[in-house]
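Enquirer: Here you go, this is work.cif (mmCIF, C-alpha atoms).
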data_final
#
loop_
_atom_site.label_atom_id
_atom_site.label_comp_id
_atom_site.auth_asym_id
_atom_site.auth_seq_id
_atom_site.Cartn_x
_atom_site.Cartn_y
_atom_site.Cartn_z
CA MET A 1193 76.51 24.25 -49.35
CA THR A 1194 78.66 21.56 -47.68
CA MET A 1195 77.26 20.09 -44.51
CA GLU A 1196 78.51 17.22 -42.43
CA PHE A 1197 75.52 15.18 -41.33
CA VAL A 1198 75.77 12.95 -38.24
CA SER A 1199 73.47 10.21 -36.95
CA TYR A 1200 70.34 11.60 -35.32
CA ASP A 1201 70.52 9.82 -31.97
CA ASP A 1202 70.43 10.69 -28.27
CA LYS A 1203 74.24 10.58 -27.93
CA ASN A 1204 74.89 13.13 -30.68
CA VAL A 1205 72.02 15.33 -29.53
CA ALA A 1206 73.21 15.33 -25.88
CA SER A 1207 76.49 16.92 -26.91
CA LEU A 1208 74.60 20.02 -28.11
CA VAL A 1209 73.05 21.17 -24.82
CA GLU A 1210 73.24 24.97 -24.58
CA LYS A 1211 74.31 25.39 -28.22
CA TYR A 1212 72.25 27.93 -30.17
CA GLY A 1213 71.94 28.08 -33.93
CA VAL A 1214 70.28 26.31 -36.85
CA TYR A 1215 69.95 22.66 -37.81
CA ALA A 1216 68.69 20.47 -40.63
CA LEU A 1217 67.09 17.02 -40.35
CA ALA A 1218 67.56 14.55 -43.20
CA THR A 1219 67.05 11.00 -44.35
CA GLY A 1220 69.33 9.15 -46.74
CA ILE A 1221 72.97 8.17 -46.78
CA GLN A 1222 75.20 9.99 -44.30
CA ASN A 1223 77.66 12.55 -45.74
CA SER A 1224 76.71 12.00 -49.34
CA ASN A 1225 74.73 13.85 -51.96
CA GLN A 1226 71.94 11.39 -51.28
CA VAL A 1227 70.61 13.00 -48.10
CA ARG A 1228 67.18 14.59 -48.29
CA VAL A 1229 66.65 17.46 -45.90
CA PHE A 1230 63.07 17.38 -44.65
CA TYR A 1231 63.19 20.06 -41.93
CA VAL A 1232 65.22 23.11 -40.92
CA GLY A 1233 64.92 24.67 -37.46
CA SER A 1234 66.61 27.04 -35.04
CA GLY A 1235 66.98 27.75 -31.34
CA ASN A 1236 68.63 25.76 -28.57
CA ILE A 1237 69.87 22.99 -30.86
CA GLY A 1238 70.04 20.19 -28.27
CA GLU A 1239 66.65 21.06 -26.83
CA ARG A 1240 64.95 21.30 -30.25
CA LEU A 1241 66.50 18.06 -31.52
CA SER A 1242 65.45 16.24 -28.33
CA TYR A 1243 61.91 17.55 -28.77
CA HIS A 1244 61.71 16.21 -32.33
CA LEU A 1245 62.65 12.75 -31.00
CA SER A 1246 60.01 12.88 -28.26
CA ASP A 1247 56.39 11.74 -28.24
CA SER A 1248 55.46 15.42 -27.79
CA GLU A 1249 56.49 16.29 -31.38
CA GLU A 1250 53.47 17.93 -33.04
CA ASN A 1251 54.70 18.03 -36.65
CA ASP A 1252 53.42 14.78 -38.12
CA GLY A 1253 55.92 14.87 -40.99
CA ILE A 1254 58.87 15.00 -38.59
CA LYS A 1255 57.33 12.47 -36.22
CA ASP A 1256 56.74 10.02 -39.07
CA ARG A 1257 60.25 10.29 -40.53
CA VAL A 1258 62.20 9.99 -37.26
CA ARG A 1259 60.23 6.88 -36.36
CA LYS A 1260 60.33 5.13 -39.75
CA TYR A 1261 63.74 6.03 -41.21
CA VAL A 1262 67.38 6.32 -40.27
CA CYS A 1263 67.86 10.06 -39.89
CA TYR A 1264 70.77 12.46 -39.73
CA PHE A 1265 71.24 16.05 -38.72
CA TRP A 1266 73.60 18.93 -39.34
CA HIS A 1267 73.96 22.03 -37.19
CA GLU A 1268 75.61 25.43 -37.29
CA GLU A 1269 76.05 27.67 -34.28
CA VAL A 1270 74.76 31.20 -34.93
CA PRO A 1271 75.80 33.85 -32.40
CA GLY A 1272 73.94 37.11 -31.96
CA GLY A 1273 70.52 36.10 -30.71
CA LYS A 1274 67.18 34.81 -31.92
CA GLU A 1275 66.74 37.22 -34.83
CA LYS A 1276 70.08 36.25 -36.41
CA ARG A 1277 69.25 32.55 -35.98
CA GLU A 1278 65.86 33.03 -37.62
CA VAL A 1279 67.38 34.93 -40.54
CA ARG A 1280 69.81 32.05 -41.14
CA GLU A 1281 66.97 29.54 -40.71
CA ALA A 1282 64.92 31.38 -43.35
CA GLU A 1283 67.89 31.34 -45.76
CA LEU A 1284 68.28 27.58 -45.35
CA ILE A 1285 64.56 26.86 -45.69
CA GLU A 1286 64.38 28.90 -48.88
CA HIS A 1287 67.50 27.13 -50.22
CA TYR A 1288 65.97 23.69 -49.63
CA LYS A 1289 62.44 24.64 -50.72
CA LYS A 1290 63.87 25.64 -54.13
CA GLN A 1291 65.11 22.04 -54.41
CA GLY A 1292 61.72 20.63 -53.43
CA LYS A 1293 62.98 19.74 -49.95
CA ALA A 1294 62.26 20.91 -46.38
CA GLU A 1295 58.71 19.71 -46.86
CA CYS A 1296 58.10 19.55 -43.10
CA ASN A 1297 58.67 23.31 -42.75
CA LYS A 1298 55.23 24.87 -42.83
CA THR A 1299 56.39 28.48 -42.38
CA ILE A 1300 59.49 30.56 -42.98
CA PRO A 1301 60.59 33.10 -40.34
CA VAL A 1302 60.21 36.67 -41.64
CA HIS A 1303 62.24 39.67 -40.45
CA GLU A 1304 62.15 43.20 -41.82
#
Take the structure in the file and write it out as structure tokens.
Expert:
Amino acid sequence: MTMEFVSYDDKNVASLVEKYGVYALATGIQNSNQVRVFYVGSGNIGERLSYHLSDSEENDGIKDRVRKYVCYFWHEEVPGGKEKREVREAELIEHYKKQGKAECNKTIPVHE
């Protein structure tokens, strides 16, 4: 799975307003095999990424990492609505969980 991670900052997040899909948050060295994905999410990408940077963030694992470390993110637009985004999100979470990553994801979306 090749992903191009970019700096997790307000400028890069602002360019994603009204984009819907999935995203991954990571620490480490940008665009290398040394990134560690700590969270995968879905929805309005710009809105969700802005929320994770805000004081309102409720997930302590995310809050801690974005405040203490240089972070990066990757995103993928997923057309077709919420269910398709959540299916893709679940695939990514399972992929990273198998590697011992995505430790800030407490649940995995389930669709039948």
Enquirer: Of the candidates A:Leu1241, A:Cys1296, A:Val1229, A:Leu1208, which shows the shortest atom-to-atom distance to A:Asp1256, using all atoms listed in the file?
Expert: A:Cys1296
Enquirer: When you count all atoms listed in the file, which of these residues is closest to A:Asn1204: A:Glu1250, A:Val1227, A:Arg1280, A:Cys1263?
Expert: A:Cys1263
Enquirer: Find the residue from A:His1267, A:Lys1293, A:His1287, A:Lys1276 that sits nearest to A:Lys1211; use only C-alpha atoms when measuring.
Expert: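 Distance minimum relative to A:Lys1211 lands on A:His1267.
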Enquirer: Have a look at A:Arg1257, A:Tyr1231, A:Tyr1288, A:Glu1239 and name the one nearest to A:Val1205; count only C-alpha atoms.
Expert: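 Checking each of A:Arg1257, A:Tyr1231, A:Tyr1288, A:Glu1239 against A:Val1205, counting only C-alpha atoms, the winner is A:Glu1239.
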Enquirer: Can you list what the PyMOL selection byres ((chain A and resi 1281) around 9) grabs from this structure, as a PyMOL selection string?
Expert: chain A and resi 1213-1215+1232-1234+1276-1280+1282-1286+1300-1301
Enquirer: Pick from A:Gly1235, A:Lys1203, A:Tyr1261, A:Lys1298: nearest to A:Gly1220, with only C-alpha atoms counted?
Expert: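 Selected residue with least distance to A:Gly1220: A:Tyr1261.
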Enquirer: Output, as JSON, the centre and edge lengths in Å (one decimal) of the axis-aligned box that contains all listed atoms of stretch 1245-1257 of chain A with 5 Å of margin on each side.
Expert:
{"center_x": 58.0, "center_y": 14.0, "center_z": -34.4, "size_x": 19.2, "size_y": 18.0, "size_z": 23.2}
Enquirer: One number please: atom CA of A:Ala1218 to atom CA of A:Glu1295, in Å, one decimal.
Expert: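 Separation of atom CA of A:Ala1218 and atom CA of A:Glu1295: 10.9 Å.
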Enquirer: For a test of reading the model, state the distance in Å between atom CA of A:Val1262 and atom CA of A:Lys1289, rounded to one decimal.
Expert: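 Distance reported for this atom pair: 21.7 Å.
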Enquirer: What's the separation between atom CA of A:Lys1255 and atom CA of A:Pro1271, in Å to one decimal place?
Expert: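 Distance between the two atoms: 28.5 Å.
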Enquirer: Tell me which of A:Ile1254, A:Ala1216, A:Val1302, A:Ala1294 sits closest to A:Phe1230, counting only C-alpha atoms.
Expert: A:Ala1294
